[in-house]
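Student: Once you've had a glance at the structure underneath, I'll fire off some questions.
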4 protein chains.
Amino acid sequence: VKRSRAVVLREFGAQLDLAEFEVPEPGPGAAVVAVELGGICGTDAHLQRGHLPMPLPVVLGHEAVGRVIGLGDGLDRDVLGQPIAPGDLVTWASSIACGRCHWCLREQEPTLCADRAVYGINRRADRWPHLSGAWADAIYLHPGTTLVAVPDGLEPVDVIALGCAGPTAVHGVLRLAAPGFGDTVVVQGSGPVGLAAAIYAGRSGAGRVVLVGGPAGRLELARELGIADVCLDIFEVEDPATRARLVLAETPGGRGADLVVECTGSPPAVAQGIDLCRPNGTYLILGQYTDRGPTPLNPHLITRKQLRVLGSWAFSGGHFVDYVESLPRLVERFELHRLVSTYPLESAGQALDDVRAGRVVKAALRPSRSALV
Amino acid sequence: VKRSRAVVLREFGAQLDLAEFEVPEPGPGAAVVAVELGGICGTDAHLQRGHLPMPLPVVLGHEAVGRVIGLGDGLDRDVLGQPIAPGDLVTWASSIACGRCHWCLREQEPTLCADRAVYGINRRADRWPHLSGAWADAIYLHPGTTLVAVPDGLEPVDVIALGCAGPTAVHGVLRLAAPGFGDTVVVQGSGPVGLAAAIYAGRSGAGRVVLVGGPAGRLELARELGIADVCLDIFEVEDPATRARLVLAETPGGRGADLVVECTGSPPAVAQGIDLCRPNGTYLILGQYTDRGPTPLNPHLITRKQLRVLGSWAFSGGHFVDYVESLPRLVERFELHRLVSTYPLESAGQALDDVRAGRVVKAALRPSRSALV
Amino acid sequence: VKRSRAVVLREFGAQLDLAEFEVPEPGPGAAVVAVELGGICGTDAHLQRGHLPMPLPVVLGHEAVGRVIGLGDGLDRDVLGQPIAPGDLVTWASSIACGRCHWCLREQEPTLCADRAVYGINRRADRWPHLSGAWADAIYLHPGTTLVAVPDGLEPVDVIALGCAGPTAVHGVLRLAAPGFGDTVVVQGSGPVGLAAAIYAGRSGAGRVVLVGGPAGRLELARELGIADVCLDIFEVEDPATRARLVLAETPGGRGADLVVECTGSPPAVAQGIDLCRPNGTYLILGQYTDRGPTPLNPHLITRKQLRVLGSWAFSGGHFVDYVESLPRLVERFELHRLVSTYPLESAGQALDDVRAGRVVKAALRPSRSALV
Amino acid sequence: VKRSRAVVLREFGAQLDLAEFEVPEPGPGAAVVAVELGGICGTDAHLQRGHLPMPLPVVLGHEAVGRVIGLGDGLDRDVLGQPIAPGDLVTWASSIACGRCHWCLREQEPTLCADRAVYGINRRADRWPHLSGAWADAIYLHPGTTLVAVPDGLEPVDVIALGCAGPTAVHGVLRLAAPGFGDTVVVQGSGPVGLAAAIYAGRSGAGRVVLVGGPAGRLELARELGIADVCLDIFEVEDPATRARLVLAETPGGRGADLVVECTGSPPAVAQGIDLCRPNGTYLILGQYTDRGPTPLNPHLITRKQLRVLGSWAFSGGHFVDYVESLPRLVERFELHRLVSTYPLESAGQALDDVRAGRVVKAALRPSRSALV
């Protein structure tokens, strides 16, 4: 019998616990996977402090890539129909929607399903199979998981680089906002969601991508990797009105951007973003995952400029598959691995701190597979 | 030579002036029309107080229906290709877009054209042909005006009953928000825009229309005319949270409305309206024509509920034609004429006061044609 | 132990067999339902002759309404969250998609899922639970069935009146073609699909619905029930060019219909239908379920008229729920029960013949519940 | 007084005539332009043989780029608001829609306007100003022409390389079909329309572009220029079934292309193209400009595969501006000038023959400006 270490959140705001659980055999349709990399997402920082509703205790980690250890009866192909076997590199969507409710069936918006089970967020660690988060040596994947074989030629680090920001941008930017050929796209925020939004906007035909964020090192990297055509550092240009003037100067005729994507999570960014949209343009609010309360907004501008303001919540299994399938095209163009900083499993707390402080672009835990023996 | 009286706004906030101008002969492509009814719109109340940018002096009146007095060379058909001749009842869109700019040509959003000439708003009364507003015995319609013959069987009062709220709702409700069959639609505000929104929502397949407004008499009329399935009086239920509870109880599963249409012009209504939308629903901001500044809004709700928030500005010539063509179907079902209170031309000031005070649903000036002799 | 009769198709083209099977107890998540009415669809006539691929033997019947006899563990609510209990009137979607494949997850088009299990079509009668079609006293509903409680006030006959043509029209007409307010809609074909298409078009805001079909009695009924504004009898006006002239005369400006819906299943109808569309209009091919081979079509017309030609295949569980939820609004306006002719279970062959010959609008089998005792 | 040579079509099928007209002074809002290059389009070959309705005589040439000689009163900016002056390089949309009819106002589809005046096609050469086609030393541009300054850095040959196939593809591919990020796009036909379709599909995020056409030299050039990822030569693989197999093998999972664009003008290509579409995919019929009659098509496939078949007719002034604005991004990536073969004005007949025979990809006439002196 093998045992796996796992990072457990037992109390909001308290230190994370490194527990150990037995690795179960996979039941029918289930899989057990050795985690290669477990991503750390900005949401994890909020979860750890109790900013979002969740049960406790939980093994954290909703972003992951790993190698199959065992497959239950009836599971021999991924959702794209590719054969999978022990040893194969796989990744999977964090949530499983019920598939039968109003939201799943009629609205076809599984991200709004009230019964979504989410690895690393709402599966309790004190119940079998315990290993339901990715910050662990192994994870147990229940039947119905959207499991995808990693495309040939990709490394684990390529898969984790954007983390859940990748499929989040697929949903919001590609599926909802859908920028057109030649569009000028402004992205507010240079964290993983902002970078993913900029990447997908640029790759789907945008004529110009302007990234407004910071700090400088992150923008420098975005520029080096070719993620943005123009970067504006908010620490350097602190006045929103000046920033607006500079951004508008980058748009055709100074009319404003065709699409502005909010990826900061800071409520006041919304009023600033609306000012950057051209009349008849689109404002996508992608980053306001945490409820930080109201902010002053002028509804007259939405009417006067005839804006389309869109919210996008999370991502579905389908968006996740689209994301994985897009990775070879992204990696071909961008050195995504340069976004990632890795930590050993036991440094999860340090990694969370670094994410919170913006000291790293993307953190990921790298469990040692030998620990499974 | 005939002369026409005309209500002129010479100074913001001051009394309106009843001036007199010579009625010119129509040039090529132009028309001269004797006004039967000149509508008074909520915007006129704002114009009169200088809340919106406009030149002075101006003959007010951007809503109208009248009879052709004279047609210039080359003008013998309306935009639908129907023959028109002196004596025919006609109506026309208030604005003429340039047809050649970025907004007209590429965005196909003539309402955003910066060069729109608008009868009753931005055509100066101190320049030829002077008679460029509908609060007058006669109006001069320039070449390029979207002129439509009133469909057979309609009276002038049918055409003026919704005023410019009619094509405004065609644009916002039918073209942009496009409610689907069976949708629950909530309308905030029971002025002309709210009533027009409710009418079009109901006639385009909505399963249930809930009207939130006041005062009681107006709601009573809306109920009697069959415009709304349910009415909620904001003077009776003053607490927004209680109102939200009552409205949500009228929506399937208490999930919220598929579409909420803001038609109040009051900024705080927007936060209330967002609370009435179901997840994945649409919020149409149709009523915020005047800039009354920012209001506290929570952007997290737009993300979390994955809303689509749409602004809709004014209406194009195309929307106006759609509106006129829809009138027989509306009149067949609703006694629109019951919405209208008429005033003689010289009582324009009184009519404006009544509109401002909400004492009438829809006011219209009825010039006496004999004055043209 | 109860036993249920069931109409079994054992050999293509041969007589149907009335077999008897034991009624099983429902397993977890499953249900057993006593059939009140089992609809007969035009597709059944094709199935019986082997025009579509299917396994044999099969209990036919993919349209049904019935009363719950037993519910398996964990099944106590319908998909809308309403409690269900033995004795309740329920209906259900005929197919269960896999929920995990490319089509289900990424395209969100479960009707294209290759692994759909369909009651009455591809579930074998020679394997447990045998009772997998609706032409029987009882049917066994597997876990994952889209089960919906029939809305209060509806009779079984109301639910079966449109049969699967109802959700088929929801999918094609409401979701894909989406006619707008005031549109002129022409429907080719007056079978159940044509009637359902006309009903949904009319109720979703169409200004005028023109039904082109036959024979006369059926059109008479459509007129009496208020399903169509204008009917054209193809047996009376046999020349397609004359028909086209008459139909175009019913459209605004003779431009053609905004939407034409093909519901005949006859390939040559397609060329005729394209001639009825206005430029920039939509042609929905809803009725070509059986492969009857190619027909001459002129692609230049699609380019020149800039048409949008849409195919719509079957319906999903979500469309079925939308259909059931819309029924009270339909029944309020149309006497749908007048469309239905019922037959005892043992007359299934006669019923099929009558459907094939067009002697009835909608046939349904009415098993006698006493047979279950 | 200057004089300009002009290629006049006087009789269908007859030799083209090289006539001479006086160059008029531009009236208010008009312009006179010295043609740098006048493109030859496949449609010109049809026009010359009388395959399309048009008046005679006509100066041919609806594609052009030139230098301003004179500007009439009130014309000092292009439609994007850029100042223009004599000597500036400009280009313009071939047609002027009326702006006031049902199609222009309500449908916002100016390409369907019945009153479009089109340079080089329906403006008579025997009436003033005579010079209304681009196969001439000079052309007279009427008020209302969509005139655009050529972006800095572009040569005339860059502007003419795609000719009217450029804005045609903007309309059909970008605006109507709108391929998504990562889509597999198959283009049937490697003439200018096919090349333009492939270019825009690739630049708007398509994952893979497959070009099916010929002859070999043209495909070779497409490959060299990076216009297509894969090319299939129809002269090499003559059997449509084999071609379908090869093309499907290039699509994900062999499911078929997300978008297939028909650019051949050959009716039988349509049935072949439908076979290349994946279920739930889009088939854009872009190339069937000439009426070559019906072809056998199977409507069952449109239903069964749930296809969206779109026609796209011509292009509007707005599409033309979008095209010109996109040129710098296209030229940055593709050596478009390599597509062009130029001829002196007096070799118009030879050029037409070469186009008809497929001996050149894109032919253009290069008048000598000295002729104007």
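Convention: chains lettered A, B, ... in structure tokens order; per-chain residue numbering from 1; ligands numbered from 1 as shown.
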Could you give me, as CSV, every chain A residue with an atom at most 6 Å from chain C, plus its closest atom pair and distance in Å to one decimal, counting only C-alpha atoms, rows ordered by chain then number?

Tutor:
residue,atom,partner,partner_atom,distance
A:Val79,CA,C:Cys101,CA,5.7
A:Cys101,CA,C:Val79,CA,5.7
A:Leu105,CA,C:Gly318,CA,4.7
A:Arg106,CA,C:Gly318,CA,4.2
A:Gly318,CA,C:Arg106,CA,4.2

Student: Report, in Å to a single decimal, how far apart CA of Gly74 (chain A) and CA of Leu71 (chain C) are.

Tutor: 27.0 Å

Student: Just the number, please: distance in Å from CA of Pro151 (chain D) to CA of Gly202 (chain A), one decimal.

Tutor: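 Separation of CA of Pro151 (chain D) and CA of Gly202 (chain A): 22.1 Å.
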
Student: Grab the CA of Cys263 (chain A) to CA of Thr290 (chain A) distance for me, in Å with one decimal place.

Tutor: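 Between these atoms lies a distance of 11.9 Å.
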
Student: With a distance cut-off of 12 Å and only C-alpha atoms, select the neighbouring residues of Asp73 (chain D), excluding the residue or stretch itself and same-chain residues fewer than 3 positions from it, and output the selection as a PyMOL selection string.

Tutor: chain D and resi 25-31+70+76-77+143

Student: Take the residues from that selection and put them in a file with N, CA and C atoms, as a PDB file, in the first residue's frame.

Tutor:
ATOM      1  N   GLU D  25     -13.522  68.380 -64.484  1.00  0.00           N
ATOM      2  CA  GLU D  25     -13.199  68.932 -63.159  1.00  0.00           C
ATOM      3  C   GLU D  25     -14.152  68.290 -62.146  1.00  0.00           C
ATOM      4  N   PRO D  26     -13.678  67.993 -60.976  1.00  0.00           N
ATOM      5  CA  PRO D  26     -14.565  67.374 -59.985  1.00  0.00           C
ATOM      6  C   PRO D  26     -15.580  68.368 -59.434  1.00  0.00           C
ATOM      7  N   GLY D  27     -16.866  67.976 -59.410  1.00  0.00           N
ATOM      8  CA  GLY D  27     -17.910  68.786 -58.791  1.00  0.00           C
ATOM      9  C   GLY D  27     -17.826  68.678 -57.268  1.00  0.00           C
ATOM     10  N   PRO D  28     -18.743  69.347 -56.566  1.00  0.00           N
ATOM     11  CA  PRO D  28     -18.718  69.311 -55.094  1.00  0.00           C
ATOM     12  C   PRO D  28     -18.771  67.876 -54.562  1.00  0.00           C
ATOM     13  N   GLY D  29     -17.840  67.525 -53.675  1.00  0.00           N
ATOM     14  CA  GLY D  29     -17.829  66.200 -53.064  1.00  0.00           C
ATOM     15  C   GLY D  29     -17.248  65.114 -53.944  1.00  0.00           C
ATOM     16  N   ALA D  30     -16.909  65.448 -55.187  1.00  0.00           N
ATOM     17  CA  ALA D  30     -16.366  64.443 -56.107  1.00  0.00           C
ATOM     18  C   ALA D  30     -14.841  64.530 -56.148  1.00  0.00           C
ATOM     19  N   ALA D  31     -14.219  63.539 -56.804  1.00  0.00           N
ATOM     20  CA  ALA D  31     -12.765  63.537 -56.953  1.00  0.00           C
ATOM     21  C   ALA D  31     -12.401  62.996 -58.320  1.00  0.00           C
ATOM     22  N   GLY D  70      -7.619  65.803 -58.546  1.00  0.00           N
ATOM     23  CA  GLY D  70      -8.406  66.962 -58.111  1.00  0.00           C
ATOM     24  C   GLY D  70      -9.495  66.556 -57.157  1.00  0.00           C
ATOM     25  N   ASP D  76     -12.142  66.972 -48.396  1.00  0.00           N
ATOM     26  CA  ASP D  76     -10.743  67.147 -48.013  1.00  0.00           C
ATOM     27  C   ASP D  76     -10.282  66.067 -47.031  1.00  0.00           C
ATOM     28  N   ARG D  77     -11.175  65.121 -46.748  1.00  0.00           N
ATOM     29  CA  ARG D  77     -10.801  64.011 -45.862  1.00  0.00           C
ATOM     30  C   ARG D  77     -11.353  62.708 -46.434  1.00  0.00           C
ATOM     31  N   PRO D 143     -19.649  61.994 -55.585  1.00  0.00           N
ATOM     32  CA  PRO D 143     -19.848  62.223 -54.144  1.00  0.00           C
ATOM     33  C   PRO D 143     -20.448  60.958 -53.524  1.00  0.00           C
TER      34      PRO D 143
END

Student: Enumerate the residues of region 55-268 of chain C with a DSSP assignment of strand (DSSP E or B), computed from the backbone, and present them as number ranges by chain.

Tutor: C: 58-59, 63-71, 77, 83, 89-92, 95-96, 117-118, 124, 136, 138-141, 147-149, 184-188, 208-213, 230-233, 257-262
